Every structure is written in C-alpha cells, then in structure tokens.
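Enquirer: The file below is final.cif, mmCIF, C-alpha atoms and all ligand atoms:
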```cif
data_work
#
loop_
_atom_site.label_atom_id
_atom_site.label_comp_id
_atom_site.auth_asym_id
_atom_site.auth_seq_id
_atom_site.Cartn_x
_atom_site.Cartn_y
_atom_site.Cartn_z
CA MET A 1345 -7.84 24.53 -1.59
CA THR A 1346 -7.90 22.85 1.85
CA ILE A 1347 -9.05 19.32 2.48
CA ASN A 1348 -10.78 19.34 5.85
CA GLY A 1349 -13.97 17.33 5.27
CA GLY A 1350 -14.61 13.61 5.36
CA ILE A 1351 -12.06 11.13 4.02
CA SER A 1352 -13.13 7.90 2.34
CA VAL A 1353 -10.71 4.99 1.98
CA ILE A 1354 -11.53 2.25 -0.54
CA GLY A 1355 -10.04 -1.17 0.29
CA ALA A 1356 -9.58 -2.34 3.87
CA GLY A 1357 -6.54 -4.60 3.37
CA THR A 1358 -2.93 -4.16 4.51
CA MET A 1359 -2.74 -0.52 3.38
CA GLY A 1360 -6.38 0.59 3.69
CA ASN A 1361 -6.54 -0.12 7.43
CA GLY A 1362 -3.32 1.83 8.03
CA ILE A 1363 -4.47 4.80 5.93
CA ALA A 1364 -7.85 4.91 7.73
CA HIS A 1365 -5.96 4.69 11.06
CA VAL A 1366 -3.66 7.70 10.45
CA PHE A 1367 -6.46 9.97 9.19
CA ALA A 1368 -8.79 9.00 12.05
CA GLN A 1369 -6.06 9.47 14.66
CA ARG A 1370 -5.49 13.00 13.32
CA GLY A 1371 -9.21 13.75 13.86
CA TYR A 1372 -10.63 13.26 10.34
CA LYS A 1373 -13.96 11.46 9.92
CA VAL A 1374 -13.17 8.36 7.87
CA THR A 1375 -15.42 6.01 5.91
CA LEU A 1376 -13.62 2.73 5.22
CA ILE A 1377 -15.12 0.88 2.25
CA ASP A 1378 -14.60 -2.72 1.14
CA VAL A 1379 -16.61 -5.27 -0.84
CA SER A 1380 -15.67 -7.84 1.79
CA GLN A 1381 -17.29 -7.56 5.25
CA PRO A 1382 -14.69 -9.93 6.81
CA GLN A 1383 -11.93 -7.60 5.53
CA LEU A 1384 -13.69 -4.61 7.16
CA ASP A 1385 -14.06 -6.50 10.45
CA LYS A 1386 -10.40 -7.57 10.30
CA ALA A 1387 -9.31 -3.97 9.52
CA LEU A 1388 -11.14 -2.56 12.57
CA ALA A 1389 -9.61 -5.28 14.77
CA THR A 1390 -6.12 -4.51 13.40
CA ILE A 1391 -6.52 -0.76 13.96
CA GLY A 1392 -7.71 -1.47 17.54
CA LYS A 1393 -4.70 -3.72 18.18
CA ASN A 1394 -2.23 -1.21 16.73
CA LEU A 1395 -3.76 1.57 18.87
CA ASP A 1396 -3.54 -0.66 21.97
CA ARG A 1397 0.17 -1.15 21.28
CA MET A 1398 0.61 2.64 20.99
CA VAL A 1399 -1.21 3.16 24.31
CA ALA A 1400 0.91 0.47 26.00
CA LYS A 1401 4.11 2.16 24.73
CA GLU A 1402 2.73 5.54 25.94
CA ILE A 1403 2.88 6.98 22.41
CA ILE A 1404 -0.79 8.02 22.64
CA ARG A 1405 -3.36 8.44 25.43
CA LYS A 1406 -6.16 5.86 25.88
CA GLU A 1407 -8.71 8.64 25.09
CA LEU A 1408 -7.09 9.15 21.67
CA LYS A 1409 -7.52 5.44 20.93
CA ASP A 1410 -11.26 5.71 21.67
CA GLU A 1411 -11.62 8.93 19.65
CA THR A 1412 -9.74 7.37 16.70
CA LEU A 1413 -12.04 4.34 16.60
CA LYS A 1414 -15.11 6.61 16.89
CA ASN A 1415 -13.93 8.53 13.82
CA ILE A 1416 -14.15 5.42 11.60
CA THR A 1417 -17.34 4.09 10.02
CA THR A 1418 -17.48 1.32 7.45
CA SER A 1419 -19.45 0.68 4.27
CA ASN A 1420 -19.77 -2.00 1.59
CA SER A 1421 -20.85 0.52 -1.07
CA ILE A 1422 -18.59 2.93 -2.96
CA ALA A 1423 -21.60 5.07 -4.03
CA GLU A 1424 -22.78 5.49 -0.42
CA GLY A 1425 -19.32 5.68 1.13
CA VAL A 1426 -17.91 8.52 -1.01
CA LYS A 1427 -20.97 10.75 -1.39
CA ASN A 1428 -19.88 13.29 1.29
CA ALA A 1429 -16.09 12.95 0.92
CA SER A 1430 -13.64 15.79 0.36
CA LEU A 1431 -10.93 13.23 -0.45
CA VAL A 1432 -11.13 9.57 -1.47
CA VAL A 1433 -7.98 7.44 -1.16
CA GLU A 1434 -8.30 4.24 -3.18
CA ALA A 1435 -6.28 1.34 -1.73
CA ALA A 1436 -7.93 -1.68 -3.37
CA THR A 1437 -6.15 -4.66 -4.95
CA GLU A 1438 -3.32 -3.79 -7.39
CA ASN A 1439 -5.16 -4.56 -10.64
CA VAL A 1440 -5.53 -2.00 -13.40
CA ASP A 1441 -9.04 -2.93 -14.60
CA LEU A 1442 -10.35 -3.07 -11.04
CA LYS A 1443 -8.91 0.36 -10.29
CA LEU A 1444 -10.29 1.93 -13.50
CA ASN A 1445 -13.72 0.59 -12.60
CA ILE A 1446 -13.48 1.90 -9.02
CA PHE A 1447 -12.38 5.36 -10.27
CA ARG A 1448 -15.37 5.51 -12.64
CA GLN A 1449 -17.64 4.80 -9.66
CA MET A 1450 -15.80 7.32 -7.44
CA ASP A 1451 -16.09 10.00 -10.13
CA GLU A 1452 -19.81 9.36 -10.50
CA SER A 1453 -20.66 9.41 -6.78
CA ALA A 1454 -18.19 11.75 -5.05
CA PRO A 1455 -18.92 15.53 -4.80
CA SER A 1456 -17.61 17.50 -7.80
CA ASP A 1457 -14.91 19.23 -5.72
CA CYS A 1458 -13.67 15.98 -4.12
CA VAL A 1459 -10.03 14.99 -4.77
CA LEU A 1460 -9.56 11.40 -5.98
CA ALA A 1461 -6.28 9.82 -4.85
CA THR A 1462 -4.84 6.36 -5.36
CA ASN A 1463 -2.37 4.45 -3.22
CA THR A 1464 -1.30 2.34 -6.22
CA SER A 1465 2.30 1.11 -6.07
CA SER A 1466 2.90 1.28 -9.80
CA ILE A 1467 -0.15 1.73 -12.03
CA SER A 1468 -0.16 4.82 -14.27
CA ILE A 1469 -1.89 7.78 -12.57
CA THR A 1470 -2.45 9.27 -16.05
CA LYS A 1471 -4.38 6.16 -17.12
CA ILE A 1472 -6.44 6.18 -13.91
CA ALA A 1473 -7.15 9.92 -14.30
CA ALA A 1474 -8.38 9.35 -17.86
CA ALA A 1475 -11.14 7.07 -16.50
CA THR A 1476 -12.67 10.13 -14.76
CA ASN A 1477 -14.11 13.47 -15.81
CA ARG A 1478 -11.78 15.30 -13.41
CA PRO A 1479 -8.17 14.36 -14.29
CA ASP A 1480 -7.04 17.66 -12.68
CA ALA A 1481 -8.21 16.28 -9.30
CA VAL A 1482 -6.61 12.82 -9.63
CA ILE A 1483 -3.30 12.22 -7.86
CA GLY A 1484 -1.17 9.40 -6.43
CA MET A 1485 -0.88 9.37 -2.64
CA HIS A 1486 1.50 6.44 -2.07
CA PHE A 1487 1.75 5.58 1.62
CA MET A 1488 4.35 3.09 2.82
CA ASN A 1489 3.75 -0.09 4.82
CA PRO A 1490 3.12 -0.05 7.83
CA VAL A 1491 1.34 3.28 7.36
CA PRO A 1492 1.17 4.40 11.03
CA VAL A 1493 4.95 3.96 11.33
CA MET A 1494 6.42 4.98 7.96
CA LYS A 1495 7.01 8.70 7.41
CA LEU A 1496 7.08 8.90 3.62
CA VAL A 1497 4.20 9.75 1.29
CA GLU A 1498 5.25 9.58 -2.38
CA ILE A 1499 2.94 11.99 -4.21
CA ILE A 1500 2.54 11.34 -7.94
CA THR A 1501 1.09 13.95 -10.24
CA ASN A 1502 -0.33 13.21 -13.69
CA PRO A 1503 0.24 15.87 -16.36
CA ALA A 1504 -3.28 17.25 -15.75
CA THR A 1505 -3.14 17.38 -11.92
CA SER A 1506 -3.76 20.97 -10.83
CA LYS A 1507 -1.24 22.88 -8.72
CA GLU A 1508 -3.96 23.46 -6.08
CA VAL A 1509 -4.67 19.74 -5.75
CA THR A 1510 -0.95 18.89 -5.47
CA GLU A 1511 -0.42 21.62 -2.85
CA SER A 1512 -3.44 20.48 -0.85
CA ILE A 1513 -2.21 16.84 -0.79
CA VAL A 1514 1.29 17.98 0.23
CA ALA A 1515 -0.22 20.07 3.06
CA LEU A 1516 -2.51 17.22 4.13
CA SER A 1517 0.40 14.75 4.25
CA LYS A 1518 2.34 17.16 6.47
CA ASP A 1519 -0.74 17.54 8.69
CA LEU A 1520 -0.65 13.74 9.18
CA GLY A 1521 2.96 14.07 10.39
CA LYS A 1522 4.32 12.56 7.16
CA VAL A 1523 7.06 13.74 4.81
CA PRO A 1524 5.72 14.20 1.25
CA CYS A 1525 7.89 13.88 -1.90
CA VAL A 1526 6.34 14.90 -5.25
CA VAL A 1527 7.38 12.88 -8.34
CA ASN A 1528 6.26 12.48 -11.95
CA ASP A 1529 4.17 9.65 -13.35
CA PHE A 1530 6.50 6.92 -14.68
CA PRO A 1531 6.18 3.13 -14.19
CA GLY A 1532 6.88 2.30 -10.53
CA PHE A 1533 7.40 6.03 -9.77
CA ILE A 1534 10.59 6.22 -7.63
CA ALA A 1535 10.04 3.93 -4.62
CA ASN A 1536 9.13 0.75 -6.49
CA ARG A 1537 11.22 1.39 -9.60
CA ILE A 1538 14.23 1.06 -7.32
CA LEU A 1539 12.96 -1.33 -4.62
CA MET A 1540 11.21 -4.01 -6.72
CA PRO A 1541 14.12 -4.92 -9.04
CA MET A 1542 16.17 -5.46 -5.87
CA ILE A 1543 13.52 -7.78 -4.40
CA ASN A 1544 13.14 -9.59 -7.75
CA GLU A 1545 16.94 -10.06 -7.91
CA ALA A 1546 16.88 -11.54 -4.39
CA VAL A 1547 14.19 -14.01 -5.53
CA TYR A 1548 16.29 -14.89 -8.63
CA SER A 1549 19.32 -15.47 -6.35
CA LEU A 1550 17.27 -17.93 -4.29
CA HIS A 1551 15.76 -19.54 -7.42
CA GLU A 1552 19.20 -20.05 -8.99
CA GLY A 1553 20.57 -21.58 -5.77
CA VAL A 1554 23.14 -18.86 -5.13
CA ALA A 1555 22.18 -18.79 -1.45
CA GLY A 1556 19.38 -19.67 0.96
CA VAL A 1557 16.63 -17.38 2.33
CA GLU A 1558 18.44 -16.58 5.57
CA GLU A 1559 21.78 -15.92 3.87
CA ILE A 1560 20.26 -13.55 1.30
CA ASP A 1561 18.37 -11.60 3.96
CA THR A 1562 21.29 -11.53 6.41
CA ILE A 1563 23.71 -10.28 3.73
CA MET A 1564 21.43 -7.42 2.74
CA LYS A 1565 20.53 -6.59 6.36
CA LEU A 1566 24.02 -6.56 7.83
CA GLY A 1567 25.94 -5.68 4.69
CA MET A 1568 23.78 -2.78 3.54
CA ALA A 1569 22.30 -1.74 6.91
CA HIS A 1570 18.77 -2.44 5.66
CA PRO A 1571 16.28 -2.87 8.53
CA MET A 1572 15.07 -6.17 7.03
CA GLY A 1573 16.18 -8.44 4.18
CA PRO A 1574 14.53 -8.23 0.73
CA LEU A 1575 12.73 -11.60 1.04
CA GLN A 1576 11.25 -10.71 4.43
CA LEU A 1577 10.24 -7.33 3.02
CA ALA A 1578 8.60 -9.04 0.02
CA ASP A 1579 6.56 -11.18 2.45
CA LEU A 1580 5.50 -8.03 4.32
CA ILE A 1581 4.50 -6.18 1.15
CA GLY A 1582 2.65 -9.22 -0.28
CA LEU A 1583 4.14 -11.41 -3.02
CA ASP A 1584 1.10 -10.75 -5.24
CA VAL A 1585 1.69 -7.00 -4.90
CA CYS A 1586 5.41 -7.46 -5.75
CA LEU A 1587 4.52 -9.56 -8.82
CA SER A 1588 1.97 -6.99 -10.07
CA ILE A 1589 4.54 -4.20 -9.75
CA MET A 1590 7.22 -6.19 -11.63
CA LYS A 1591 4.69 -6.79 -14.43
CA VAL A 1592 3.93 -3.05 -14.61
CA LEU A 1593 7.68 -2.26 -14.83
CA HIS A 1594 8.23 -5.00 -17.44
CA GLU A 1595 5.36 -3.85 -19.62
CA GLY A 1596 5.90 -0.12 -18.99
CA PHE A 1597 9.61 -0.01 -19.87
CA LYS A 1598 9.49 -2.92 -22.39
CA ASN A 1599 12.79 -4.10 -20.96
CA ASP A 1600 13.51 -7.73 -20.05
CA LYS A 1601 15.63 -6.72 -17.08
CA TYR A 1602 12.29 -6.37 -15.27
CA THR A 1603 11.11 -9.98 -16.03
CA PRO A 1604 9.47 -11.29 -12.84
CA CYS A 1605 11.32 -14.30 -11.38
CA PRO A 1606 9.45 -17.58 -12.14
CA LEU A 1607 9.69 -18.46 -8.42
CA LEU A 1608 7.72 -15.32 -7.56
CA GLU A 1609 5.07 -16.30 -10.15
CA GLU A 1610 4.93 -19.83 -8.74
CA LEU A 1611 4.51 -18.72 -5.11
CA VAL A 1612 1.68 -16.35 -6.02
CA ALA A 1613 -0.04 -19.02 -8.16
CA SER A 1614 0.05 -21.41 -5.20
CA GLY A 1615 -1.50 -18.83 -2.84
CA LYS A 1616 1.70 -18.21 -0.86
CA LEU A 1617 1.40 -14.43 -0.64
CA GLY A 1618 3.65 -13.72 2.36
CA SER A 1619 2.66 -12.72 5.88
CA LYS A 1620 -0.97 -11.91 4.97
CA SER A 1621 -1.60 -15.52 3.82
CA GLY A 1622 0.57 -17.10 6.56
CA GLU A 1623 3.40 -18.20 4.25
CA GLY A 1624 5.82 -16.85 1.65
CA PHE A 1625 9.58 -17.16 2.02
CA TYR A 1626 8.90 -17.52 5.75
CA VAL A 1627 5.99 -19.07 7.68
CA TYR A 1628 3.97 -16.89 10.05
CA THR A 1629 2.27 -18.21 13.17
CA PRO A 1630 -0.22 -15.81 14.81
CA GLY A 1631 1.21 -14.49 18.09
CA SER A 1632 4.79 -15.58 17.30
CA LYS A 1633 7.51 -13.12 16.36
CA GLU A 1634 10.04 -15.82 15.47
CA LEU A 1635 11.11 -15.72 11.83
CA VAL A 1636 10.94 -19.28 10.44
CA VAL A 1637 12.00 -20.06 6.86
CA SER A 1638 9.32 -21.97 4.90
CA SER A 1639 10.16 -25.69 4.74
CA ARG A 1640 10.19 -25.57 0.92
CA PHE A 1641 13.38 -23.47 1.13
CA ASN A 1642 15.15 -25.58 3.76
CA GLN A 1643 18.64 -26.30 2.57
CA PRO A 1644 19.93 -29.91 2.60
P1 LIG B 1 -4.71 -6.18 0.05
O1 LIG B 1 -4.82 -7.36 -0.84
O2 LIG B 1 -4.20 -6.37 1.45
O3 LIG B 1 -6.14 -5.44 0.18
C1 LIG B 1 -6.92 -5.07 -0.93
C2 LIG B 1 -8.34 -4.87 -0.46
O4 LIG B 1 -9.11 -4.35 -1.56
C3 LIG B 1 -9.03 -6.16 0.00
O5 LIG B 1 -9.54 -5.97 1.30
C4 LIG B 1 -10.15 -6.33 -1.03
O6 LIG B 1 -11.32 -6.94 -0.46
C5 LIG B 1 -10.41 -4.90 -1.44
N1 LIG B 1 -11.12 -4.76 -2.71
C6 LIG B 1 -10.96 -5.47 -3.85
N2 LIG B 1 -11.84 -5.04 -4.79
C7 LIG B 1 -12.55 -4.03 -4.23
C8 LIG B 1 -13.61 -3.18 -4.70
N3 LIG B 1 -14.09 -3.29 -5.93
N4 LIG B 1 -14.12 -2.26 -3.85
C9 LIG B 1 -13.64 -2.16 -2.58
N5 LIG B 1 -12.65 -2.93 -2.09
C10 LIG B 1 -12.11 -3.85 -2.91
O7 LIG B 1 -3.83 -5.11 -0.74
P2 LIG B 1 -2.84 -3.99 -0.13
O8 LIG B 1 -1.50 -4.58 0.08
O9 LIG B 1 -3.53 -3.25 0.97
O10 LIG B 1 -2.70 -3.03 -1.42
C11 LIG B 1 -3.67 -2.05 -1.71
C12 LIG B 1 -3.05 -1.02 -2.65
O11 LIG B 1 -1.95 -0.40 -1.98
C13 LIG B 1 -2.49 -1.62 -3.93
O12 LIG B 1 -2.69 -0.71 -4.97
C14 LIG B 1 -1.01 -1.78 -3.62
O13 LIG B 1 -0.21 -1.75 -4.77
C15 LIG B 1 -0.77 -0.54 -2.77
N6 LIG B 1 0.38 -0.58 -1.85
C16 LIG B 1 0.67 -1.74 -1.16
C17 LIG B 1 1.75 -1.74 -0.28
C18 LIG B 1 2.07 -2.97 0.54
O14 LIG B 1 3.13 -3.00 1.17
N7 LIG B 1 1.21 -3.97 0.58
C19 LIG B 1 2.52 -0.58 -0.08
C20 LIG B 1 2.17 0.58 -0.78
C21 LIG B 1 1.10 0.56 -1.67
#
```
What do you get writing this file as structure tokens?
Expert:
Amino acid sequence: MTINGGISVIGAGTMGNGIAHVFAQRGYKVTLIDVSQPQLDKALATIGKNLDRMVAKEIIRKELKDETLKNITTSNSIAEGVKNASLVVEAATENVDLKLNIFRQMDESAPSDCVLATNTSSISITKIAAATNRPDAVIGMHFMNPVPVMKLVEIITNPATSKEVTESIVALSKDLGKVPCVVNDFPGFIANRILMPMINEAVYSLHEGVAGVEEIDTIMKLGMAHPMGPLQLADLIGLDVCLSIMKVLHEGFKNDKYTPCPLLEELVASGKLGSKSGEGFYVYTPGSKELVVSSRFNQP
C-alpha cells in the first residue's frame, strides 16, 4: 500500500499549518480544513512566513516556496475536504468528544481505502478507531512542534491497525525526511508520558515557590542540556494542550502522580495559553524575540 494521492489535514492551528507545510513542500496536494476561516487565513500566512525564512537562509529555492503554496487549498467542510483524500491527518483541538465526532465524519466522507490518522498528543487511538468502520486503517501520526523543523514522527498503532497501513505511514514519514518510531497505544504514548510529567513538575515547583520562572528554565536548560526550559516549552506547546494531556494521563493510569498542577488549571481558565494567546509563563510581543517573564510571576 502506497500513499501518493491527496492529503487532507483537519485543523489549521499550531500543528495543522506545519503538517500541511511539510506535505506540500514534498509535492503532495494538500487540503487544509478548519471550521474557522480566520485560522485558515492565519495558517496560510504562517506557512508563507516560514517558507520566506527558509528562502532567506538558502534552505530552499524561491520556486519551491511558490510551488509549496500552490499545493495547498483550504476548505471549511470536512465532507468536501476529505472526499478525494488518500490520507487524512486530523490535527484539531485536543478534546476526545470533538475528535470522535470528526472521525465519524471522516469515515463517512473519505474514500474507503483512505487511511485516517490523528496527530493527537495523548488520546487513545483504539477509542478513536472504534468510532469508525475501518479501525484497521486508523493510526496515530504524532508530529512534533514546530513540524517543519522537528525530525520525529511518533507512530501509534491500535491493536487493529493493519501491517500495510503501519508500513505505509512509516514509508511516508521517511519520504517527508522525518524519522518514524512505532509505539503501542498507551496513555500519552512515549513522548508525552515522559515529557508532560516533567513540565507539570516544573509548574508545581513554580506554584510552591521553590524557584522563579527564569531559574527553573535556566536550571533545566544549562543543567540538563535541554534546548529550552520546561516552562518555555509549555508555552510553545500551548498550556491548554499540556493540561489536556495531563488529564488523559491522570485518568488513563488512575494514578495521582499525574494530577495537573492547579496553577496550570488556573492559567488555562484565565485564557493564558502560552505563545499562541500572547501570554503564559512569559509574555510574547509580535516581532520581538526577547523572552520576558509574565508580570504575575515577577519575584519581589
Ligand atoms: P490549536 O488550538 O492550535 O489548533 C486547533 C485547531 O482545530 C483550531 O484551528 C480550531 O479552529 C480547529 N478545530 C476545532 N474544531 C474543529 C472541527 N470540528 N473541524 C475542523 N477544525 C477544528 O491546537 P494544536 O496545538 O495545533 O493541536 C492540534 C492537535 O495536535 C491536538 O490533538 C494536540 O494534542 C496535537 N499536538 C499538539 C502539539 C503542540 O505542540 N501544540 C504537538 C503535538 C501534537
């Protein structure tokens, strides 16, 4: 089984725009689907900006930028947007009921031989597959943020996923220049089962007054040779996404060691979602690369 037809991507947020970008740059025809027209407009602008940066750094030719943008069309309708797809990658908001509903619609409207993948960070692939009539063709294709830069694709099989589908997604990931790793379906898979408790512990350390934002991030950056601190990484991922994943781990393993930090809950409830909303542990000013700690965490 080879996937060489159209690719549809559902959700044009942080991850959806990056996923559409890498497929389109590799020459695939991509339909990017979102319920929100402003999100689609923003996604196209972001892809254009990221391609401009690659041209300026001489990573790609200007012609490839133009070809990449030409390969992307947009749609507000799942039924319309997936009807000719050979693969659909769902990258909508991390919410189980929303995803089950989207997979029912994908299953109804996509061709019968189309593979249905999800970029979920933590939701059970087995549960998502059970919402369709083709669990053998449902698989996790977990790209990392920022997608054009990060090499890893964590591929998650559910017990029904066929060998052909797994092999085709592994081959496709390699064709995109990525490194695929196949894992089994457990809460948080591997990446977030290990990463999120570390981020949550960093938030607890801040909440309990052990240290400030800068100290926590500097210690983990310089002490562990991490490219960025856990609080900055949480802002990049999205604090709402981090909270959803902690809830999935907490409920999935029924173990209180995964209890989300109340400070994380509070930030999300007040709309402070990290870089995408302009503020989380840090504040983000468009056009500025300076990392400024949010005033609510200023130490006396
Ligand atoms: P986001 O909030 O940036 O974007 C989600 C998008 O989904 C929004 O544009 C929203 O309008 C759209 N959407 C919501 N309901 C929809 C529907 N019914 N149909 C079509 N579009 C719909 O979220 P994100 O950070 O891009 O996360 C998307 C997925 O990727 C989640 O499952 C998340 O867990 C996963 N993920 C996120 C990261 C990360 O670093 N942010 C990394 C890996 C995986």
Enquirer: Near region 1429-1433 of chain A, counting all atoms listed in the file, which residues have an atom at most 9 Å away, once you skip same-chain residues fewer than 4 positions from it, shown as a PyMOL selection string?
Expert: chain A and resi 1347-1355+1360+1363+1374-1375+1425+1450+1454-1455+1457-1463+1484-1485
Enquirer: Select, from A:Ile1589, A:Ala1504, A:Met1568, A:Val1523, the residue with the minimum atom-to-atom distance to ligand LIG 1 (chain B), counting all atoms listed in the file.
Expert: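 Once distances to ligand LIG 1 (chain B) are computed over all atoms listed in the file, the minimum belongs to A:Ile1589.
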Enquirer: Set the cut-off to 7 Å, count all atoms listed in the file, and list whatever residues fall near ligand LIG 1 (chain B) as a ChimeraX atom specification.
Expert: /A:1354-1360,1377-1380,1383,1422,1435-1438,1442,1446,1463-1466,1486-1489,1580-1582,1585
Enquirer: Would you put the residues from that selection into a file with C-alpha atoms, as a PDB file, in the frame of the given file?
Expert:
```pdb
ATOM      1  CA  ILE A1354     -11.530   2.250  -0.540  1.00  0.00           C
ATOM      2  CA  GLY A1355     -10.040  -1.170   0.290  1.00  0.00           C
ATOM      3  CA  ALA A1356      -9.580  -2.340   3.870  1.00  0.00           C
ATOM      4  CA  GLY A1357      -6.540  -4.600   3.370  1.00  0.00           C
ATOM      5  CA  THR A1358      -2.930  -4.160   4.510  1.00  0.00           C
ATOM      6  CA  MET A1359      -2.740  -0.520   3.380  1.00  0.00           C
ATOM      7  CA  GLY A1360      -6.380   0.590   3.690  1.00  0.00           C
ATOM      8  CA  ILE A1377     -15.120   0.880   2.250  1.00  0.00           C
ATOM      9  CA  ASP A1378     -14.600  -2.720   1.140  1.00  0.00           C
ATOM     10  CA  VAL A1379     -16.610  -5.270  -0.840  1.00  0.00           C
ATOM     11  CA  SER A1380     -15.670  -7.840   1.790  1.00  0.00           C
ATOM     12  CA  GLN A1383     -11.930  -7.600   5.530  1.00  0.00           C
ATOM     13  CA  ILE A1422     -18.590   2.930  -2.960  1.00  0.00           C
ATOM     14  CA  ALA A1435      -6.280   1.340  -1.730  1.00  0.00           C
ATOM     15  CA  ALA A1436      -7.930  -1.680  -3.370  1.00  0.00           C
ATOM     16  CA  THR A1437      -6.150  -4.660  -4.950  1.00  0.00           C
ATOM     17  CA  GLU A1438      -3.320  -3.790  -7.390  1.00  0.00           C
ATOM     18  CA  LEU A1442     -10.350  -3.070 -11.040  1.00  0.00           C
ATOM     19  CA  ILE A1446     -13.480   1.900  -9.020  1.00  0.00           C
ATOM     20  CA  ASN A1463      -2.370   4.450  -3.220  1.00  0.00           C
ATOM     21  CA  THR A1464      -1.300   2.340  -6.220  1.00  0.00           C
ATOM     22  CA  SER A1465       2.300   1.110  -6.070  1.00  0.00           C
ATOM     23  CA  SER A1466       2.900   1.280  -9.800  1.00  0.00           C
ATOM     24  CA  HIS A1486       1.500   6.440  -2.070  1.00  0.00           C
ATOM     25  CA  PHE A1487       1.750   5.580   1.620  1.00  0.00           C
ATOM     26  CA  MET A1488       4.350   3.090   2.820  1.00  0.00           C
ATOM     27  CA  ASN A1489       3.750  -0.090   4.820  1.00  0.00           C
ATOM     28  CA  LEU A1580       5.500  -8.030   4.320  1.00  0.00           C
ATOM     29  CA  ILE A1581       4.500  -6.180   1.150  1.00  0.00           C
ATOM     30  CA  GLY A1582       2.650  -9.220  -0.280  1.00  0.00           C
ATOM     31  CA  VAL A1585       1.690  -7.000  -4.900  1.00  0.00           C
TER      32      VAL A1585
END
```
Enquirer: Suppose you want the space between CA of Pro1541 (chain A) and CA of Ser1638 (chain A); what is it in Å?
Expert: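 Spanning CA of Pro1541 (chain A) to CA of Ser1638 (chain A) is a straight-line distance of 22.5 Å.
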Enquirer: Would you kindly identify which residues have an atom no farther than 10 Å from (-0.6, 2.0, -13.2), using all atoms listed in the file and the file's own coordinates, and write them out as an mmCIF file with C-alpha atoms, keeping the file's coordinate frame?
Expert:
```
data_model
loop_
_atom_site.group_PDB
_atom_site.id
_atom_site.type_symbol
_atom_site.label_atom_id
_atom_site.label_comp_id
_atom_site.auth_asym_id
_atom_site.auth_seq_id
_atom_site.Cartn_x
_atom_site.Cartn_y
_atom_site.Cartn_z
ATOM 1 C CA GLU A 1438 -3.320 -3.790 -7.390
ATOM 2 C CA ASN A 1439 -5.160 -4.560 -10.640
ATOM 3 C CA VAL A 1440 -5.530 -2.000 -13.400
ATOM 4 C CA ASP A 1441 -9.040 -2.930 -14.600
ATOM 5 C CA LYS A 1443 -8.910 0.360 -10.290
ATOM 6 C CA LEU A 1444 -10.290 1.930 -13.500
ATOM 7 C CA THR A 1462 -4.840 6.360 -5.360
ATOM 8 C CA THR A 1464 -1.300 2.340 -6.220
ATOM 9 C CA SER A 1465 2.300 1.110 -6.070
ATOM 10 C CA SER A 1466 2.900 1.280 -9.800
ATOM 11 C CA ILE A 1467 -0.150 1.730 -12.030
ATOM 12 C CA SER A 1468 -0.160 4.820 -14.270
ATOM 13 C CA ILE A 1469 -1.890 7.780 -12.570
ATOM 14 C CA THR A 1470 -2.450 9.270 -16.050
ATOM 15 C CA LYS A 1471 -4.380 6.160 -17.120
ATOM 16 C CA ILE A 1472 -6.440 6.180 -13.910
ATOM 17 C CA ASP A 1529 4.170 9.650 -13.350
ATOM 18 C CA PHE A 1530 6.500 6.920 -14.680
ATOM 19 C CA PRO A 1531 6.180 3.130 -14.190
ATOM 20 C CA GLY A 1532 6.880 2.300 -10.530
ATOM 21 C CA PHE A 1533 7.400 6.030 -9.770
ATOM 22 C CA SER A 1588 1.970 -6.990 -10.070
ATOM 23 C CA ILE A 1589 4.540 -4.200 -9.750
ATOM 24 C CA VAL A 1592 3.930 -3.050 -14.610
ATOM 25 C CA LEU A 1593 7.680 -2.260 -14.830
ATOM 26 C CA GLY A 1596 5.900 -0.120 -18.990
#
```
Enquirer: Ranking A:Ile1563, A:Val1482, A:Leu1395, A:Leu1607 by minimum distance to Val1547 (chain A) and counting only C-alpha atoms, which one comes first?
Expert: A:Leu1607
Enquirer: Expressed in Å to a single decimal, how great is the separation between CA of Val1509 (chain A) and CA of Gly1371 (chain A)?
Expert: 21.0 Å
Enquirer: If you measure from CA of Glu1511 (chain A) to CA of Arg1370 (chain A), what distance in Å do you get, rounded to one decimal?
Expert: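 One can read the CA of Glu1511 (chain A) to CA of Arg1370 (chain A) distance as 19.0 Å.
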Enquirer: For Lys1616 (chain A), which residue among A:Glu1452, A:Glu1508, A:Asp1579, A:Glu1545 is the nearest when counting all atoms listed in the file?
Expert: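 Ranked by minimum distance to Lys1616 (chain A), first place goes to A:Asp1579.
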Enquirer: Pick from A:Ile1391, A:Leu1587, A:Ala1364, A:Leu1635: nearest to Met1572 (chain A), with only C-alpha atoms counted?
Expert: A:Leu1635
Enquirer: Is there a way to get, as a count of residues only, all residues within 12 Å of the point (1.3, -11.7, 5.9) in file coordinates, counting all atoms listed in the file?
Expert: 30
